[in-house]
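Data file: model13.pdb. Format and content: PDB, C-alpha atoms and all ligand atoms.
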ATOM      1  CA  MET A 909     -51.437 -14.069  11.939
ATOM      2  CA  SER A 910     -50.269 -17.064   9.954
ATOM      3  CA  ARG A 911     -46.672 -17.634   9.038
ATOM      4  CA  VAL A 912     -47.958 -19.223   5.848
ATOM      5  CA  ALA A 913     -47.379 -16.295   3.624
ATOM      6  CA  THR A 914     -48.586 -15.392   0.198
ATOM      7  CA  LYS A 915     -45.594 -14.687  -2.039
ATOM      8  CA  ALA A 916     -45.248 -11.155  -3.302
ATOM      9  CA  THR A 917     -46.672 -10.911  -6.795
ATOM     10  CA  SER A 918     -45.729  -7.315  -7.574
ATOM     11  CA  ALA A 919     -42.257  -6.340  -8.803
ATOM     12  CA  LEU A 920     -39.518  -8.035  -6.808
ATOM     13  CA  LYS A 921     -38.763  -6.055  -3.713
ATOM     14  CA  LYS A 922     -35.056  -5.393  -3.197
ATOM     15  CA  ILE A 923     -34.099  -4.747   0.382
ATOM     16  CA  LEU A 924     -30.804  -3.752   1.964
ATOM     17  CA  MET A 925     -29.957  -5.066   5.428
ATOM     18  CA  VAL A 926     -26.800  -4.544   7.494
ATOM     19  CA  ARG A 927     -25.507  -7.455   9.573
ATOM     20  CA  PRO A 928     -25.518  -6.470  13.275
ATOM     21  CA  THR A 929     -21.927  -7.621  13.847
ATOM     22  CA  HIS A 930     -21.151  -4.899  16.405
ATOM     23  CA  PHE A 931     -24.690  -4.028  17.488
ATOM     24  CA  GLU A 932     -24.979  -2.969  21.137
ATOM     25  CA  VAL A 933     -26.542  -0.400  23.462
ATOM     26  CA  VAL A 934     -23.605   0.377  25.709
ATOM     27  CA  ARG A 935     -21.946   3.684  25.088
ATOM     28  CA  TYR A 936     -24.825   6.052  24.434
ATOM     29  CA  SER A 937     -28.550   6.721  24.501
ATOM     30  CA  ILE A 938     -29.978   8.979  21.797
ATOM     31  CA  ASN A 939     -33.679   8.161  22.096
ATOM     32  CA  PRO A 940     -36.050   7.325  24.980
ATOM     33  CA  TRP A 941     -35.945   3.583  24.246
ATOM     34  CA  MET A 942     -32.196   3.223  24.836
ATOM     35  CA  ASP A 943     -30.967   2.472  28.352
ATOM     36  CA  PRO A 944     -27.474   0.962  28.462
ATOM     37  CA  VAL A 945     -27.721   0.375  32.224
ATOM     38  CA  SER A 946     -30.997  -1.509  32.576
ATOM     39  CA  LYS A 947     -31.547  -2.758  29.009
ATOM     40  CA  PRO A 948     -28.295  -4.025  27.504
ATOM     41  CA  VAL A 949     -28.508  -5.951  24.250
ATOM     42  CA  ASN A 950     -27.893  -9.688  23.963
ATOM     43  CA  ARG A 951     -25.970  -9.674  20.679
ATOM     44  CA  GLU A 952     -26.367 -13.376  20.004
ATOM     45  CA  LEU A 953     -30.115 -13.077  20.357
ATOM     46  CA  ALA A 954     -30.066  -9.917  18.226
ATOM     47  CA  MET A 955     -28.233 -11.806  15.470
ATOM     48  CA  ALA A 956     -30.831 -14.600  15.644
ATOM     49  CA  GLN A 957     -33.716 -12.097  15.458
ATOM     50  CA  TRP A 958     -32.073 -10.316  12.526
ATOM     51  CA  THR A 959     -31.596 -13.640  10.709
ATOM     52  CA  THR A 960     -35.246 -14.541  11.262
ATOM     53  CA  LEU A 961     -36.262 -11.163   9.839
ATOM     54  CA  LYS A 962     -34.061 -11.697   6.783
ATOM     55  CA  GLU A 963     -35.361 -15.241   6.211
ATOM     56  CA  THR A 964     -38.962 -14.141   6.667
ATOM     57  CA  ILE A 965     -38.539 -11.410   4.044
ATOM     58  CA  GLU A 966     -36.998 -13.957   1.672
ATOM     59  CA  GLU A 967     -39.774 -16.500   2.338
ATOM     60  CA  VAL A 968     -42.405 -14.029   1.140
ATOM     61  CA  GLY A 969     -40.474 -13.136  -2.000
ATOM     62  CA  GLY A 970     -38.217 -10.251  -0.981
ATOM     63  CA  GLU A 971     -34.643 -10.087  -2.305
ATOM     64  CA  VAL A 972     -32.278  -9.185   0.532
ATOM     65  CA  HIS A 973     -28.864  -7.647  -0.102
ATOM     66  CA  VAL A 974     -26.580  -7.756   2.930
ATOM     67  CA  MET A 975     -24.017  -5.086   3.727
ATOM     68  CA  GLU A 976     -21.340  -6.444   6.050
ATOM     69  CA  SER A 977     -20.217  -4.203   8.900
ATOM     70  CA  ASP A 978     -17.092  -5.933  10.282
ATOM     71  CA  SER A 979     -15.026  -2.753  10.204
ATOM     72  CA  ALA A 980     -17.812  -0.574  11.641
ATOM     73  CA  GLN A 981     -17.056  -1.449  15.266
ATOM     74  CA  ASP A 982     -17.428   2.210  16.297
ATOM     75  CA  TRP A 983     -20.951   2.482  14.867
ATOM     76  CA  PRO A 984     -23.279   0.016  16.659
ATOM     77  CA  ASP A 985     -26.488   1.522  15.198
ATOM     78  CA  ILE A 986     -25.382   0.877  11.609
ATOM     79  CA  VAL A 987     -27.746  -2.130  11.628
ATOM     80  CA  PHE A 988     -30.586   0.371  11.117
ATOM     81  CA  ALA A 989     -30.296   0.417   7.328
ATOM     82  CA  ALA A 990     -33.478   2.488   6.977
ATOM     83  CA  ASN A 991     -31.440   5.489   8.025
ATOM     84  CA  ALA A 992     -28.799   5.066   5.323
ATOM     85  CA  ALA A 993     -30.462   7.114   2.610
ATOM     86  CA  THR A 994     -33.626   7.879   0.721
ATOM     87  CA  VAL A 995     -33.579   6.154  -2.632
ATOM     88  CA  ARG A 996     -35.332   7.102  -5.881
ATOM     89  CA  GLY A 997     -34.357   5.126  -8.964
ATOM     90  CA  ASN A 998     -30.593   4.709  -8.813
ATOM     91  CA  LYS A 999     -30.023   7.827  -6.750
ATOM     92  CA  ALA A1000     -29.363   7.598  -3.012
ATOM     93  CA  TYR A1001     -29.686  10.799  -1.005
ATOM     94  CA  LEU A1002     -27.466   9.948   1.976
ATOM     95  CA  ALA A1003     -28.266  10.620   5.619
ATOM     96  CA  ASN A1004     -26.448  13.292   7.564
ATOM     97  CA  PHE A1005     -26.992  12.073  11.113
ATOM     98  CA  LEU A1006     -28.002  14.553  13.805
ATOM     99  CA  HIS A1007     -26.078  12.793  16.570
ATOM    100  CA  PRO A1008     -22.287  12.444  16.375
ATOM    101  CA  GLU A1009     -22.777   8.900  17.711
ATOM    102  CA  ARG A1010     -24.099   7.881  14.269
ATOM    103  CA  ARG A1011     -22.307  10.265  11.945
ATOM    104  CA  GLY A1012     -19.596   7.833  10.866
ATOM    105  CA  GLU A1013     -22.119   5.426   9.356
ATOM    106  CA  ARG A1014     -22.505   7.644   6.297
ATOM    107  CA  GLU A1015     -19.140   6.670   4.799
ATOM    108  CA  PHE A1016     -19.953   2.972   5.002
ATOM    109  CA  TYR A1017     -23.324   3.435   3.325
ATOM    110  CA  LYS A1018     -21.849   5.750   0.692
ATOM    111  CA  ALA A1019     -19.248   3.121  -0.209
ATOM    112  CA  TRP A1020     -21.910   0.412  -0.416
ATOM    113  CA  PHE A1021     -24.200   2.451  -2.676
ATOM    114  CA  GLU A1022     -21.364   3.453  -4.973
ATOM    115  CA  ALA A1023     -20.037  -0.101  -5.208
ATOM    116  CA  ASN A1024     -23.555  -1.241  -6.106
ATOM    117  CA  GLY A1025     -24.245   1.136  -8.971
ATOM    118  CA  PHE A1026     -26.032   3.969  -7.183
ATOM    119  CA  GLU A1027     -25.271   7.629  -7.573
ATOM    120  CA  THR A1028     -25.008   9.275  -4.148
ATOM    121  CA  CYS A1029     -25.821  12.810  -3.060
ATOM    122  CA  GLY A1030     -26.842  14.671   0.093
ATOM    123  CA  ARG A1031     -25.584  17.555   2.202
ATOM    124  CA  THR A1032     -23.412  17.379   5.281
ATOM    125  CA  ASP A1033     -24.584  20.628   6.866
ATOM    126  CA  ILE A1034     -28.281  19.873   7.425
ATOM    127  CA  ALA A1035     -29.560  16.974   9.554
ATOM    128  CA  PHE A1036     -31.436  14.311   7.610
ATOM    129  CA  GLU A1037     -31.910  10.640   8.582
ATOM    130  CA  GLY A1038     -32.684   8.792   5.356
ATOM    131  CA  ALA A1039     -35.722   6.580   4.881
ATOM    132  CA  GLY A1040     -36.207   6.600   8.645
ATOM    133  CA  ASP A1041     -37.579  10.067   7.947
ATOM    134  CA  ALA A1042     -38.718   9.931   4.316
ATOM    135  CA  LEU A1043     -41.265   7.451   2.955
ATOM    136  CA  TRP A1044     -42.772   7.221  -0.517
ATOM    137  CA  CYS A1045     -46.559   6.971  -0.712
ATOM    138  CA  GLY A1046     -49.461   8.632  -2.603
ATOM    139  CA  LYS A1047     -50.618   7.817  -6.154
ATOM    140  CA  ASN A1048     -47.746   6.111  -8.017
ATOM    141  CA  TYR A1049     -45.491   6.964  -5.077
ATOM    142  CA  SER A1050     -45.611  10.637  -6.007
ATOM    143  CA  ARG A1051     -45.389  11.875  -2.422
ATOM    144  CA  LEU A1052     -42.421  11.822  -0.077
ATOM    145  CA  PHE A1053     -43.701  11.950   3.493
ATOM    146  CA  ALA A1054     -40.802  13.435   5.457
ATOM    147  CA  GLY A1055     -40.611  13.456   9.252
ATOM    148  CA  VAL A1056     -39.227  16.708  10.621
ATOM    149  CA  GLY A1057     -38.295  17.909  14.067
ATOM    150  CA  PRO A1058     -36.462  15.340  16.187
ATOM    151  CA  ARG A1059     -33.844  14.136  13.659
ATOM    152  CA  THR A1060     -34.456  15.786  10.298
ATOM    153  CA  ASP A1061     -34.190  19.527   9.781
ATOM    154  CA  ILE A1062     -36.990  20.997   7.668
ATOM    155  CA  ARG A1063     -34.334  22.759   5.550
ATOM    156  CA  ALA A1064     -33.338  19.358   4.122
ATOM    157  CA  LEU A1065     -36.664  19.039   2.289
ATOM    158  CA  PRO A1066     -36.185  21.502  -0.607
ATOM    159  CA  ASP A1067     -32.771  19.991  -1.289
ATOM    160  CA  LEU A1068     -34.222  16.463  -1.309
ATOM    161  CA  ALA A1069     -36.863  17.589  -3.801
ATOM    162  CA  LYS A1070     -34.193  19.110  -6.015
ATOM    163  CA  GLN A1071     -31.609  16.332  -5.842
ATOM    164  CA  LEU A1072     -34.016  13.416  -6.277
ATOM    165  CA  ASP A1073     -36.045  15.111  -9.011
ATOM    166  CA  ASP A1074     -36.389  12.623 -11.875
ATOM    167  CA  GLY A1075     -38.896  14.609 -13.885
ATOM    168  CA  SER A1076     -41.861  12.803 -12.324
ATOM    169  CA  GLY A1077     -42.787  15.849 -10.292
ATOM    170  CA  PHE A1078     -43.086  14.289  -6.851
ATOM    171  CA  LYS A1079     -44.095  16.393  -3.874
ATOM    172  CA  VAL A1080     -42.397  16.455  -0.458
ATOM    173  CA  ILE A1081     -44.693  16.720   2.553
ATOM    174  CA  GLY A1082     -43.092  17.882   5.801
ATOM    175  CA  CYS A1083     -44.609  15.987   8.742
ATOM    176  CA  LYS A1084     -43.881  17.446  12.172
ATOM    177  CA  LEU A1085     -43.154  14.765  14.777
ATOM    178  CA  ILE A1086     -44.035  15.758  18.358
ATOM    179  CA  ASP A1087     -43.625  12.678  20.584
ATOM    180  CA  PRO A1088     -40.020  11.859  21.629
ATOM    181  CA  ARG A1089     -40.753   8.092  21.481
ATOM    182  CA  PHE A1090     -41.646   8.458  17.786
ATOM    183  CA  TYR A1091     -38.588  10.361  16.661
ATOM    184  CA  HIS A1092     -38.539   9.065  13.059
ATOM    185  CA  ILE A1093     -41.538   9.010  10.720
ATOM    186  CA  ASP A1094     -41.056   5.282  10.088
ATOM    187  CA  VAL A1095     -42.098   4.429  13.638
ATOM    188  CA  ALA A1096     -45.440   6.227  13.207
ATOM    189  CA  PHE A1097     -46.350   5.878   9.511
ATOM    190  CA  CYS A1098     -46.176   2.739   7.383
ATOM    191  CA  PRO A1099     -47.195   2.744   3.704
ATOM    192  CA  LEU A1100     -48.726  -0.611   2.678
ATOM    193  CA  SER A1101     -49.293   0.492  -0.920
ATOM    194  CA  ASP A1102     -49.315   3.844  -2.708
ATOM    195  CA  GLU A1103     -52.781   4.561  -1.347
ATOM    196  CA  LEU A1104     -52.955   2.784   1.992
ATOM    197  CA  ALA A1105     -50.913   3.250   5.179
ATOM    198  CA  LEU A1106     -50.931   2.469   8.883
ATOM    199  CA  TRP A1107     -50.261   5.408  11.162
ATOM    200  CA  PHE A1108     -50.279   6.557  14.768
ATOM    201  CA  PRO A1109     -51.799  10.052  14.475
ATOM    202  CA  GLY A1110     -50.661  11.121  17.972
ATOM    203  CA  ALA A1111     -47.045  11.201  16.794
ATOM    204  CA  PHE A1112     -47.823  14.209  14.590
ATOM    205  CA  ASP A1113     -48.935  17.752  15.330
ATOM    206  CA  PRO A1114     -52.573  18.598  14.444
ATOM    207  CA  VAL A1115     -51.733  20.548  11.274
ATOM    208  CA  THR A1116     -49.617  17.647  10.015
ATOM    209  CA  GLN A1117     -52.406  15.182  10.788
ATOM    210  CA  HIS A1118     -54.730  17.299   8.692
ATOM    211  CA  ASN A1119     -52.245  17.581   5.827
ATOM    212  CA  MET A1120     -51.432  13.870   5.789
ATOM    213  CA  LYS A1121     -55.125  13.058   5.421
ATOM    214  CA  ASN A1122     -55.291  15.153   2.261
ATOM    215  CA  GLU A1123     -52.842  13.332   0.015
ATOM    216  CA  GLY A1124     -55.131  10.619  -1.341
ATOM    217  CA  VAL A1125     -53.820   7.967   1.057
ATOM    218  CA  GLU A1126     -56.230   5.988   3.233
ATOM    219  CA  LEU A1127     -54.736   6.175   6.708
ATOM    220  CA  VAL A1128     -55.524   3.290   9.050
ATOM    221  CA  PRO A1129     -54.882   4.265  12.666
ATOM    222  CA  VAL A1130     -53.247   2.162  15.358
ATOM    223  CA  THR A1131     -53.521   2.987  19.071
ATOM    224  CA  ALA A1132     -50.751   4.469  21.210
ATOM    225  CA  GLU A1133     -50.321   1.064  22.845
ATOM    226  CA  ASP A1134     -49.901  -0.645  19.469
ATOM    227  CA  ALA A1135     -47.526   2.041  18.218
ATOM    228  CA  GLY A1136     -45.505   1.335  21.371
ATOM    229  CA  PHE A1137     -44.991  -2.224  20.066
ATOM    230  CA  PHE A1138     -43.614  -0.682  16.845
ATOM    231  CA  SER A1139     -46.709  -1.713  14.859
ATOM    232  CA  CYS A1140     -46.076   1.141  12.409
ATOM    233  CA  ASN A1141     -42.569  -0.139  11.744
ATOM    234  CA  ALA A1142     -43.245  -3.042   9.395
ATOM    235  CA  VAL A1143     -41.532  -4.488   6.336
ATOM    236  CA  VAL A1144     -44.116  -4.732   3.567
ATOM    237  CA  VAL A1145     -43.545  -7.265   0.774
ATOM    238  CA  GLY A1146     -46.559  -7.655  -1.485
ATOM    239  CA  LYS A1147     -49.474  -8.278   0.857
ATOM    240  CA  ASN A1148     -47.235  -9.397   3.729
ATOM    241  CA  VAL A1149     -46.634  -7.119   6.678
ATOM    242  CA  ILE A1150     -43.732  -8.240   8.862
ATOM    243  CA  MET A1151     -43.570  -6.659  12.290
ATOM    244  CA  ASN A1152     -42.728  -7.138  15.943
ATOM    245  CA  HIS A1153     -45.229  -9.001  18.147
ATOM    246  CA  THR A1154     -48.158  -6.770  18.994
ATOM    247  CA  THR A1155     -51.817  -6.954  20.014
ATOM    248  CA  THR A1156     -54.476  -9.095  18.310
ATOM    249  CA  ARG A1157     -56.179  -5.784  17.564
ATOM    250  CA  VAL A1158     -53.418  -4.939  15.064
ATOM    251  CA  ALA A1159     -53.608  -8.412  13.513
ATOM    252  CA  LYS A1160     -57.347  -7.980  12.968
ATOM    253  CA  THR A1161     -56.905  -4.468  11.536
ATOM    254  CA  ILE A1162     -54.345  -5.683   9.017
ATOM    255  CA  GLU A1163     -56.392  -8.712   7.979
ATOM    256  CA  LYS A1164     -59.481  -6.546   7.554
ATOM    257  CA  ILE A1165     -57.730  -4.402   4.958
ATOM    258  CA  GLY A1166     -56.627  -7.477   3.004
ATOM    259  CA  TYR A1167     -53.035  -7.875   4.215
ATOM    260  CA  ASN A1168     -51.240 -10.768   5.888
ATOM    261  CA  PRO A1169     -49.596  -9.900   9.212
ATOM    262  CA  ILE A1170     -46.492 -11.890  10.170
ATOM    263  CA  PHE A1171     -45.171 -11.422  13.690
ATOM    264  CA  ILE A1172     -41.570 -11.939  14.738
ATOM    265  CA  ASP A1173     -39.559 -10.985  17.819
ATOM    266  CA  MET A1174     -37.560  -7.773  17.372
ATOM    267  CA  GLY A1175     -37.043  -7.255  21.119
ATOM    268  CA  GLU A1176     -33.270  -6.719  21.048
ATOM    269  CA  PHE A1177     -33.564  -3.979  18.424
ATOM    270  CA  ILE A1178     -36.403  -2.262  20.252
ATOM    271  CA  LYS A1179     -33.878  -1.733  23.061
ATOM    272  CA  ALA A1180     -32.159   0.612  20.589
ATOM    273  CA  GLY A1181     -35.431   2.205  19.469
ATOM    274  CA  GLY A1182     -35.969   0.363  16.197
ATOM    275  CA  SER A1183     -37.836  -2.659  14.842
ATOM    276  CA  SER A1184     -38.178  -4.618  11.590
ATOM    277  CA  LYS A1185     -38.585  -1.739   9.129
ATOM    278  CA  CYS A1186     -35.668   0.165  10.702
ATOM    279  CA  CYS A1187     -33.415  -2.803   9.896
ATOM    280  CA  THR A1188     -34.256  -2.565   6.186
ATOM    281  CA  LEU A1189     -34.031  -0.151   3.299
ATOM    282  CA  GLN A1190     -35.941  -0.575   0.073
ATOM    283  CA  ILE A1191     -33.500  -0.069  -2.784
TER     284      ILE A1191
HETATM  285  N1  LIG B   1     -30.687   3.893  17.967
HETATM  286  C1  LIG B   1     -31.060   4.358  16.657
HETATM  287  C2  LIG B   1     -31.228   5.863  16.687
HETATM  288  O1  LIG B   1     -31.662   6.386  17.672
HETATM  289  C3  LIG B   1     -32.326   3.696  16.191
HETATM  290  C4  LIG B   1     -32.711   4.039  14.793
HETATM  291  C5  LIG B   1     -34.019   3.461  14.368
HETATM  292  N2  LIG B   1     -34.218   3.630  12.997
HETATM  293  C6  LIG B   1     -35.343   4.044  12.389
HETATM  294  N3  LIG B   1     -35.371   4.094  11.102
HETATM  295  N4  LIG B   1     -36.383   4.441  13.081
HETATM  296  O2  LIG B   1     -30.914   6.556  15.752
END

Give the structure from this file in structure tokens form.
Amino acid sequence: MSRVATKATSALKKILMVRPTHFEVVRYSINPWMDPVSKPVNRELAMAQWTTLKETIEEVGGEVHVMESDSAQDWPDIVFAANAATVRGNKAYLANFLHPERRGEREFYKAWFEANGFETCGRTDIAFEGAGDALWCGKNYSRLFAGVGPRTDIRALPDLAKQLDDGSGFKVIGCKLIDPRFYHIDVAFCPLSDELALWFPGAFDPVTQHNMKNEGVELVPVTAEDAGFFSCNAVVVGKNVIMNHTTTRVAKTIEKIGYNPIFIDMGEFIKAGGSSKCCTLQI
């Protein structure tokens, strides 16, 4: 619970964040959390929450790279950097957004990756939503847990495996998402290390639940209530787990497995259906 954090001791964690210059929930709703009429965003407060997230990551030893978004006024959700791409080494497999409301973000991310030394790839004919739907876990990060259904088309998976192949022989595991509130895998599954993760099992169909349990990862469940506070959407830096305010039950769970929970307010972003992890991309 403490804000007194232990600095990350493992390799420096590089994280991309996008400044929420034009963030809003006004023109569209593409998930059950978004309601432009009754839950408009306070952009000033959003900027303050985003800054707190950034500073908290830096305090615990994360290295944050900021992508500016001044000319992305037509793409308010671009703040959700998790959706930009899935990264392995210096290769970024770019998102191809399902909804036209987010499709234009790709060009901005592509330009950023290319200007920062990454090779980009990714198709434009099959829906795929980046690290929002593809998370590395399993021994030596040899598994890519990919959410399929709501946003990512299962046909993207073989191409991901092919394009990101670096000779290490990683395996892609398709995870079927069944609850509209948990429309990306990163709101229901949160790797803490290569062999430990938080998850909300109810977001996945029974076959997927079974498969996920068989990849050598210890899965620590959170309740539906906790998942509703975005407790599976945390930024992990070393032993620090940064997430939106939630129940004391989650705090105790995280402490019990040897991690340090840090709670911040991500309320303005939750109005768009995302929390701390959605605002970041590990690069
Ligand atoms: N409004 C955005 C959308 O519906 C939120 C994205 C949240 N990002 C995430 N990685 N879960 O696409």

Wanna dump the region 979-1044 of chain A-region 1096-1110 of chain A contacts at 10 Å for me, each residue with its shortest atom pair and the distance in Å to one decimal, counting all atoms listed in the file, ordered by chain and number, as JSON lines?
{"residue": "A:Asp1041", "atom": "CA", "partner": "A:Phe1097", "partner_atom": "CA", "distance": 9.8}
{"residue": "A:Leu1043", "atom": "CA", "partner": "A:Pro1099", "partner_atom": "CA", "distance": 7.6}
{"residue": "A:Trp1044", "atom": "CA", "partner": "A:Pro1099", "partner_atom": "CA", "distance": 7.6}

Starting from 6 Å padding per side, set up an axis-aligned box that covers all listed atoms of ligand LIG 1 (chain B) and hand over centre and edge lengths in Å, one decimal, as lines of an AutoDock Vina configuration file.
center_x = -33.5
center_y = 5.0
center_z = 14.5
size_x = 17.7
size_y = 15.1
size_z = 18.9

Item to check | Pairwise distance for CA of Glu1133 (chain A) and CA of Pro984 (chain A), rounded to one decimal in Å | outcome: 27.8 Å

Expected selection as a compact mmCIF listing (two decimals) with C-alpha atoms, in the frame of the given file for ligand LIG 1 (chain B) within 8 Å, all atoms listed in the file:
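Produced file pocket_19.txt, reproduced below:
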# COMPACT_ATOMS: atom_id res chain seq x y z
CA SER A 937 -28.55 6.72 24.50
CA ILE A 938 -29.98 8.98 21.80
CA ASN A 939 -33.68 8.16 22.10
CA MET A 942 -32.20 3.22 24.84
CA ASP A 985 -26.49 1.52 15.20
CA PHE A 988 -30.59 0.37 11.12
CA ALA A 989 -30.30 0.42 7.33
CA ALA A 990 -33.48 2.49 6.98
CA ASN A 991 -31.44 5.49 8.02
CA HIS A 1007 -26.08 12.79 16.57
CA ARG A 1010 -24.10 7.88 14.27
CA GLU A 1037 -31.91 10.64 8.58
CA GLY A 1038 -32.68 8.79 5.36
CA ALA A 1039 -35.72 6.58 4.88
CA GLY A 1040 -36.21 6.60 8.64
CA ASP A 1041 -37.58 10.07 7.95
CA TYR A 1091 -38.59 10.36 16.66
CA HIS A 1092 -38.54 9.06 13.06
CA ILE A 1093 -41.54 9.01 10.72
CA ASP A 1094 -41.06 5.28 10.09
CA VAL A 1095 -42.10 4.43 13.64
CA ASN A 1141 -42.57 -0.14 11.74
CA ALA A 1180 -32.16 0.61 20.59
CA GLY A 1181 -35.43 2.20 19.47
CA GLY A 1182 -35.97 0.36 16.20
CA SER A 1183 -37.84 -2.66 14.84
CA LYS A 1185 -38.58 -1.74 9.13
CA CYS A 1186 -35.67 0.16 10.70
CA CYS A 1187 -33.42 -2.80 9.90

Item to check | Long-range neighbours of Asn998 (chain A) as an MDAnalysis selection string, 10 Å cut-off, only C-alpha atoms, 4 positions minimum in chain | outcome: chainID A and resid 1021 1024:1028 1072 1191

Checklist outcome for this item: One residue among A:Arg1063, A:Arg951, A:His973, A:Lys962 is nearest to Leu924 (chain A) when using only C-alpha atoms, and that residue is A:His973

Checklist entry - Could you state the separation of CA of Ala954 (chain A) and CA of Phe1053 (chain A) in Å, given to one decimal place? => result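 That distance, rounded to one decimal, is 29.7 Å.
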
Item to check | For Val1143 (chain A): contacts at 8 Å, all atoms listed in the file, fewer than 5 positions along chain excluded, given as a VMD selection string | outcome: chain A and resid 965 1148 to 1151 1184 to 1185 1188

Next on the checklist: With distances taken over all atoms listed in the file, which residue among A:Pro1058, A:Ala1069, A:Phe1078, A:Asn1152 lies nearest Pro940 (chain A)?
Outcome noted: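 So, comparing all the options, the nearest one is A:Pro1058.
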
Checklist entry - Hey, can you check how far CA of Val1115 (chain A) sits from CA of Ala1054 (chain A)? => result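 Here the two named atoms are 14.3 Å from each other.
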
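Shortest separation to Lys1018 (chain A) among A:Lys999, A:His930, A:Lys1070, A:His1118 occurs at residue A:Lys999, atoms counted being all atoms listed in the file.
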
Checklist outcome for this item: For Lys1147 (chain A), the closest of A:Ile1172, A:Ala1042, A:Ala980, A:Ile1165 counting all atoms listed in the file is A:Ile1165

Next on the checklist: I need every residue sitting at most 10 Å from the point (-21.7, 8.0, 4.8) (coordinates as in the file, only C-alpha atoms considered), written as a PyMOL selection string.
Outcome noted: chain A and resi 992-993+1002-1005+1010-1021+1028+1030+1032

Next on the checklist: Please enumerate the residues selected by the PyMOL selection byres (((chain A and resi 1153-1163) around 9) and not hetatm) when evaluated against the supplied file, formatted as a list in words.
Outcome noted: Met909, Leu1106, Val1128, Val1130, Thr1131, Glu1133, Asp1134, Ala1135, Gly1136, Phe1137, Phe1138, Ser1139, Val1149, Met1151, Asn1152, Lys1164, Ile1165, Gly1166, Tyr1167, Asn1168, Pro1169, Ile1170, Phe1171, Ile1172, Asp1173, Met1174 and Gly1175 of chain A
